[in-house]
Amino acid sequence: MTDRILIVDFGSQVTQLIARRVREAGVYSEIVPYEKAEDALNKPNLKAIILSGGPGSVFEENAALPPAAIFSKGVPILGICYGEQAMAQMLGGQVEGGHHREFGRSDVEVLKSSPLFEGVWEVGGRYPVWMSHGDRVTVPPEGFETIARAPGSPISVIADETRKIYGTQFHLEVAHTPDGAKLISNFVHRIAGCPGDWSMAAFKEAAIERIRAKVGKERVICGLSGGVDSSVAAVLIHEAIGDQLTCIFVDHGLMREGEAEEVVSLFRGAYNVPLVHVEASDMFLSGLAGVSDPEQKRKTIGRLFIEVFEAEAKTLGGAAFLAQGTLYPDVIESVSYSGGPSVTIKSHHNVGGLPERMNMQLVEPLRELFKDEVRALGRELGLPEHFIRRHPFPGPGLAIRIPGEITREKLKILRQADTIYLDEIRKAGLYDDIWQAFAVLLPVQTVGVMGDARTYDYVCGLRAVTSVDGMTAEAFAFDHQFLAGVATRIINEVRGINRVVYDVTSKPPGTIEWE
């Protein structure tokens, strides 16, 4: 069975990066909110625990603290920033509150050798790190030594080498700590003893066995959205159980130009997967009529998807399971620390469970994977490369690219603008350099003069970002000439748009969708 590193989340916006760094080291990682950590301690093959950072303070009333049971589990522990402070406080050390805020770059000096530093940092060396804290440890707990210091944090790294418990005041997981990934690799390999043999090929074989064991001889229906996630899930499940799987592709009228035809062709042609194509655009557009609130849109679309799946399952003679392409970021952001604001980030139908009346169980074979890992799994399964590299497109489709009410006219305008935008990106050879690009029809109309006529038309927003796994995103830096050319084409070719703007903001961890 696969080794497992448990990451206890205290609400840091970069907790997901810890999981990424562990997986990059070839070891499986799992994130749980601190309130649920005690139950997770009893899962098999636990090799180490990492305590994340967080926005809180150990001096707050009802401060977030890890379960005391982790310290008697006998596995290595690494506390990062708030995780270090909480650990030090619980084990008898001293933490100073709020007197020395430190945000940004610093340099640590290594005082003593340690397996945590082996092959990366040397005694006496100074190395750049990223600090982000208000509190700091001032006295290590009994049994701990200070093994690195910084000007603003004299106790920057602490270690109890006997019990294999470590704490860092700085954030190892972020790119601004250049050697952070190597230090995390040392923790999981040298200290926790994990061989680093978690691979996508191994995941595929294990996932196939899990699907077979769970499903048995029952029928499964899989909701295809047309995106990479649900497509990879469908091919994986089909490899596991063959014709026990029937895919249901719901054409809700909210897709990009030509995508419905591509999905049908791929699954009926290349994979010969049983596929039901449901034309449901009238049903969805009627359900969305008059709906402007983005959360209500998502919930409406999710409800209608479920109704279609339920009806099709009855037509097929019943199914015991519904398969979905839920990913790990969906799961993380839907069960986040302390019921904070990110709980509402992922309100799409694929994280909300199923109505009891359906009497079906969910099969979500990708819920342990990040987006780039899903692409790697797609390659293992033989999906076409051009399909695997497709930009992410959310299940609600163009509905969340049109803030405000959805109408057929707005969908037509946006679909045309979006097609032109992606066409120009491909022509420029930039498609594979971009994680996600899309057009948005903004709920704003402006006066303009086109030729000798006065117009009152919509503003089109363009968005393009780079990312690895969809958890964080940076705006893509188009040159002005490219954007000017795209804007000219859209205004000339799409009736209903007379202004085009480009969004240059970046996104912290969380959704990278517009609404």
# chains A, B, ... in the order shown; residues from 1 in each chain; ligands from 1
>>> residues_around(residues="stretch 494-507 of chain A", least_positions_apart="5", cutoff="10 Å", atoms="only C-alpha atoms", output="ChimeraX atom specification")
/A:409-410,412-417,420,439-442,444-450,455-467,470-478,483-484,486-489,512-513
>>> residues_around(residues="stretch 180-193 of chain A", least_positions_apart="3", cutoff="8 Å", atoms="only C-alpha atoms", output="list of chain:residue names")
A:Ile5, A:Arg21, A:Val22, A:Ala25, A:Val27, A:Lys47, A:Ala48, A:Val75, A:Pro76, A:Leu78, A:Pro115, A:Leu116, A:Phe117, A:Glu118, A:Val120, A:Val129, A:Lys164, A:His171, A:Leu172, A:Glu173, A:Val174, A:Ala175, A:Thr177, A:Gly196
>>> write_last_selection(atoms="C-alpha atoms", output="compact mmCIF listing (two decimals), in the first residue's frame")
# COMPACT_ATOMS: atom_id res chain seq x y z
CA ILE A 5 2.10 11.93 4.44
CA ARG A 21 5.98 19.53 -2.92
CA VAL A 22 5.48 16.17 -1.22
CA ALA A 25 9.08 14.09 -4.22
CA VAL A 27 5.23 10.48 -2.05
CA LYS A 47 4.71 7.82 7.55
CA ALA A 48 4.87 11.46 8.67
CA VAL A 75 6.07 9.33 13.21
CA PRO A 76 8.21 12.30 12.10
CA LEU A 78 7.33 18.97 10.52
CA PRO A 115 19.12 15.31 8.13
CA LEU A 116 16.70 18.11 7.19
CA PHE A 117 19.58 20.09 5.67
CA GLU A 118 21.67 17.21 4.31
CA VAL A 120 21.17 21.19 0.67
CA VAL A 129 13.81 32.07 2.81
CA LYS A 164 12.31 13.38 14.51
CA HIS A 171 7.58 28.78 4.57
CA LEU A 172 9.41 25.93 2.85
CA GLU A 173 6.64 25.30 0.33
CA VAL A 174 6.72 28.61 -1.58
CA ALA A 175 8.95 29.40 -4.53
CA THR A 177 12.27 29.83 -0.44
CA GLY A 196 9.36 8.04 -3.34
>>> residues_around(residues="A:Leu224", least_positions_apart="6", cutoff="10 Å", atoms="only C-alpha atoms", output="ChimeraX atom specification")
/A:230-234,247-251,263-264,275-277,323-325,395
>>> write_last_selection(atoms="C-alpha atoms", output="mmCIF file, in the first residue's frame")
data_model
loop_
_atom_site.group_PDB
_atom_site.id
_atom_site.type_symbol
_atom_site.label_atom_id
_atom_site.label_comp_id
_atom_site.auth_asym_id
_atom_site.auth_seq_id
_atom_site.Cartn_x
_atom_site.Cartn_y
_atom_site.Cartn_z
ATOM 1 C CA SER A 230 -14.572 13.850 -16.563
ATOM 2 C CA SER A 231 -13.066 12.411 -19.749
ATOM 3 C CA VAL A 232 -10.076 10.927 -17.909
ATOM 4 C CA ALA A 233 -12.418 9.572 -15.217
ATOM 5 C CA ALA A 234 -14.591 7.941 -17.877
ATOM 6 C CA CYS A 247 -21.397 7.797 -20.212
ATOM 7 C CA ILE A 248 -24.033 10.508 -20.304
ATOM 8 C CA PHE A 249 -23.015 13.654 -22.115
ATOM 9 C CA VAL A 250 -25.400 16.464 -21.254
ATOM 10 C CA ASP A 251 -25.295 19.117 -23.957
ATOM 11 C CA VAL A 263 -16.671 14.852 -27.180
ATOM 12 C CA VAL A 264 -19.177 12.626 -28.979
ATOM 13 C CA LEU A 275 -22.457 7.082 -24.729
ATOM 14 C CA VAL A 276 -25.847 8.728 -24.360
ATOM 15 C CA HIS A 277 -25.948 12.228 -25.852
ATOM 16 C CA ALA A 323 -19.130 8.714 -11.626
ATOM 17 C CA GLN A 324 -17.742 12.261 -11.631
ATOM 18 C CA GLY A 325 -14.434 13.954 -12.348
ATOM 19 C CA GLY A 395 -18.885 22.243 -15.861
#
>>> closest_atom_pairs(of="stretch 219-276 of chain A", to="stretch 300-321 of chain A", cutoff="7 Å", atoms="only C-alpha atoms", output="CSV")
residue,atom,partner,partner_atom,distance
A:Arg219,CA,A:Ala319,CA,4.9
A:Val220,CA,A:Phe321,CA,4.7
A:Ile221,CA,A:Phe321,CA,6.4
>>> closest_residue(among="A:Tyr271, A:Phe10, A:Phe284, A:Phe438", to="A:Gly83", atoms="only C-alpha atoms")
A:Phe10
>>> residues_around(residues="A:Glu373", least_positions_apart="6", cutoff="12 Å", atoms="only C-alpha atoms", output="list in words")
Arg20, Arg23, Glu24, Gly26, Tyr28, Trp198, Ser199, Met200, Ala201, Phe203, Lys204, Val228, Asp229, Val232, Leu327, Tyr328, Pro329, Leu366, Arg367, Arg379, Glu380, Ile388, Val468, Asp469 and Gly470 of chain A
>>> atom_distance(atom1="atom CA of A:Glu261", atom2="atom CA of A:Ile425")
21.6 Å
>>> select_by_dssp(residues="stretch 389-487 of chain A", states="helix (DSSP H, G or I)", output="number ranges by chain")
A: 397-401, 408-427, 431-433, 480-487
>>> write_last_selection(atoms="C-alpha atoms", output="PDB file, in the first residue's frame")
ATOM      1  CA  GLY A 397     -19.591  26.353 -19.000  1.00  0.00           C
ATOM      2  CA  LEU A 398     -20.315  29.764 -20.452  1.00  0.00           C
ATOM      3  CA  ALA A 399     -22.918  30.394 -17.746  1.00  0.00           C
ATOM      4  CA  ILE A 400     -20.167  31.647 -15.418  1.00  0.00           C
ATOM      5  CA  ARG A 401     -18.544  33.635 -18.217  1.00  0.00           C
ATOM      6  CA  ARG A 408     -29.348  32.876 -26.056  1.00  0.00           C
ATOM      7  CA  GLU A 409     -28.231  36.196 -27.553  1.00  0.00           C
ATOM      8  CA  LYS A 410     -25.498  36.654 -24.931  1.00  0.00           C
ATOM      9  CA  LEU A 411     -24.344  33.047 -25.393  1.00  0.00           C
ATOM     10  CA  LYS A 412     -24.065  33.541 -29.141  1.00  0.00           C
ATOM     11  CA  ILE A 413     -22.048  36.757 -28.724  1.00  0.00           C
ATOM     12  CA  LEU A 414     -19.711  35.245 -26.137  1.00  0.00           C
ATOM     13  CA  ARG A 415     -19.228  31.996 -28.059  1.00  0.00           C
ATOM     14  CA  GLN A 416     -18.105  33.930 -31.125  1.00  0.00           C
ATOM     15  CA  ALA A 417     -15.739  36.168 -29.169  1.00  0.00           C
ATOM     16  CA  ASP A 418     -14.276  33.222 -27.265  1.00  0.00           C
ATOM     17  CA  THR A 419     -13.677  31.294 -30.508  1.00  0.00           C
ATOM     18  CA  ILE A 420     -11.809  34.230 -32.043  1.00  0.00           C
ATOM     19  CA  TYR A 421      -9.683  34.696 -28.902  1.00  0.00           C
ATOM     20  CA  LEU A 422      -8.602  31.043 -28.771  1.00  0.00           C
ATOM     21  CA  ASP A 423      -8.031  30.980 -32.530  1.00  0.00           C
ATOM     22  CA  GLU A 424      -5.628  33.905 -32.282  1.00  0.00           C
ATOM     23  CA  ILE A 425      -3.835  32.276 -29.322  1.00  0.00           C
ATOM     24  CA  ARG A 426      -3.336  29.096 -31.347  1.00  0.00           C
ATOM     25  CA  LYS A 427      -2.160  31.006 -34.421  1.00  0.00           C
ATOM     26  CA  TYR A 431      -1.899  27.853 -26.516  1.00  0.00           C
ATOM     27  CA  ASP A 432       0.393  25.400 -24.706  1.00  0.00           C
ATOM     28  CA  ASP A 433       2.124  28.228 -22.808  1.00  0.00           C
ATOM     29  CA  HIS A 480       0.215  44.877 -26.842  1.00  0.00           C
ATOM     30  CA  GLN A 481       0.236  44.079 -30.546  1.00  0.00           C
ATOM     31  CA  PHE A 482      -1.342  40.653 -29.943  1.00  0.00           C
ATOM     32  CA  LEU A 483      -4.102  42.063 -27.743  1.00  0.00           C
ATOM     33  CA  ALA A 484      -4.783  44.866 -30.199  1.00  0.00           C
ATOM     34  CA  GLY A 485      -5.180  42.316 -32.995  1.00  0.00           C
ATOM     35  CA  VAL A 486      -7.565  40.150 -30.963  1.00  0.00           C
ATOM     36  CA  ALA A 487      -9.639  43.177 -29.970  1.00  0.00           C
TER      37      ALA A 487
END
>>> residues_around(residues="A:Glu38", least_positions_apart="4", cutoff="10 Å", atoms="only C-alpha atoms", output="VMD selection string")
chain A and resid 8 32 to 34 42 to 43 66 to 70
>>> residues_around(residues="A:Pro396", least_positions_apart="6", cutoff="9 Å", atoms="only C-alpha atoms", output="number ranges by chain")
A: 225, 252, 254-255, 297-298, 301-302, 348
>>> select_by_dssp(residues="stretch 64-256 of chain A", states="strand (DSSP E or B)", output="PyMOL selection string")
chain A and resi 77-80+94-96+102-110+126-133+136-139+145-149+157-160+165-168+220-224+245-251
>>> closest_residue(among="A:Glu405, A:Ile241, A:Ser57, A:Leu369", to="A:Ala19", atoms="only C-alpha atoms")
A:Leu369
>>> closest_residue(among="A:Gly269, A:Thr407, A:Val374, A:Glu35", to="A:Ser281", atoms="only C-alpha atoms")
A:Thr407
>>> atom_distance(atom1="atom CA of A:Ser114", atom2="atom CA of A:Gly56")
29.2 Å
>>> residues_around(residues="A:Ile49", least_positions_apart="5", cutoff="6 Å", atoms="only C-alpha atoms", output="VMD selection string")
chain A and resid 5 to 7 77
>>> write_last_selection(atoms="N, CA and C atoms", output="PDB file, in the first residue's frame")
ATOM      1  N   ILE A   5       1.726  10.792   3.603  1.00  0.00           N
ATOM      2  CA  ILE A   5       2.104  11.929   4.435  1.00  0.00           C
ATOM      3  C   ILE A   5       0.826  12.716   4.724  1.00  0.00           C
ATOM      4  N   LEU A   6       0.523  12.920   5.996  1.00  0.00           N
ATOM      5  CA  LEU A   6      -0.666  13.666   6.384  1.00  0.00           C
ATOM      6  C   LEU A   6      -0.303  15.130   6.600  1.00  0.00           C
ATOM      7  N   ILE A   7      -1.024  16.029   5.932  1.00  0.00           N
ATOM      8  CA  ILE A   7      -0.815  17.467   6.092  1.00  0.00           C
ATOM      9  C   ILE A   7      -2.018  18.035   6.838  1.00  0.00           C
ATOM     10  N   ILE A  77       7.462  14.572  12.418  1.00  0.00           N
ATOM     11  CA  ILE A  77       6.549  15.711  12.319  1.00  0.00           C
ATOM     12  C   ILE A  77       7.348  16.931  11.866  1.00  0.00           C
TER      13      ILE A  77
END
>>> closest_residue(among="A:Gly404, A:Val278, A:Ala40, A:Gly227", to="A:Lys371", atoms="only C-alpha atoms")
A:Gly227
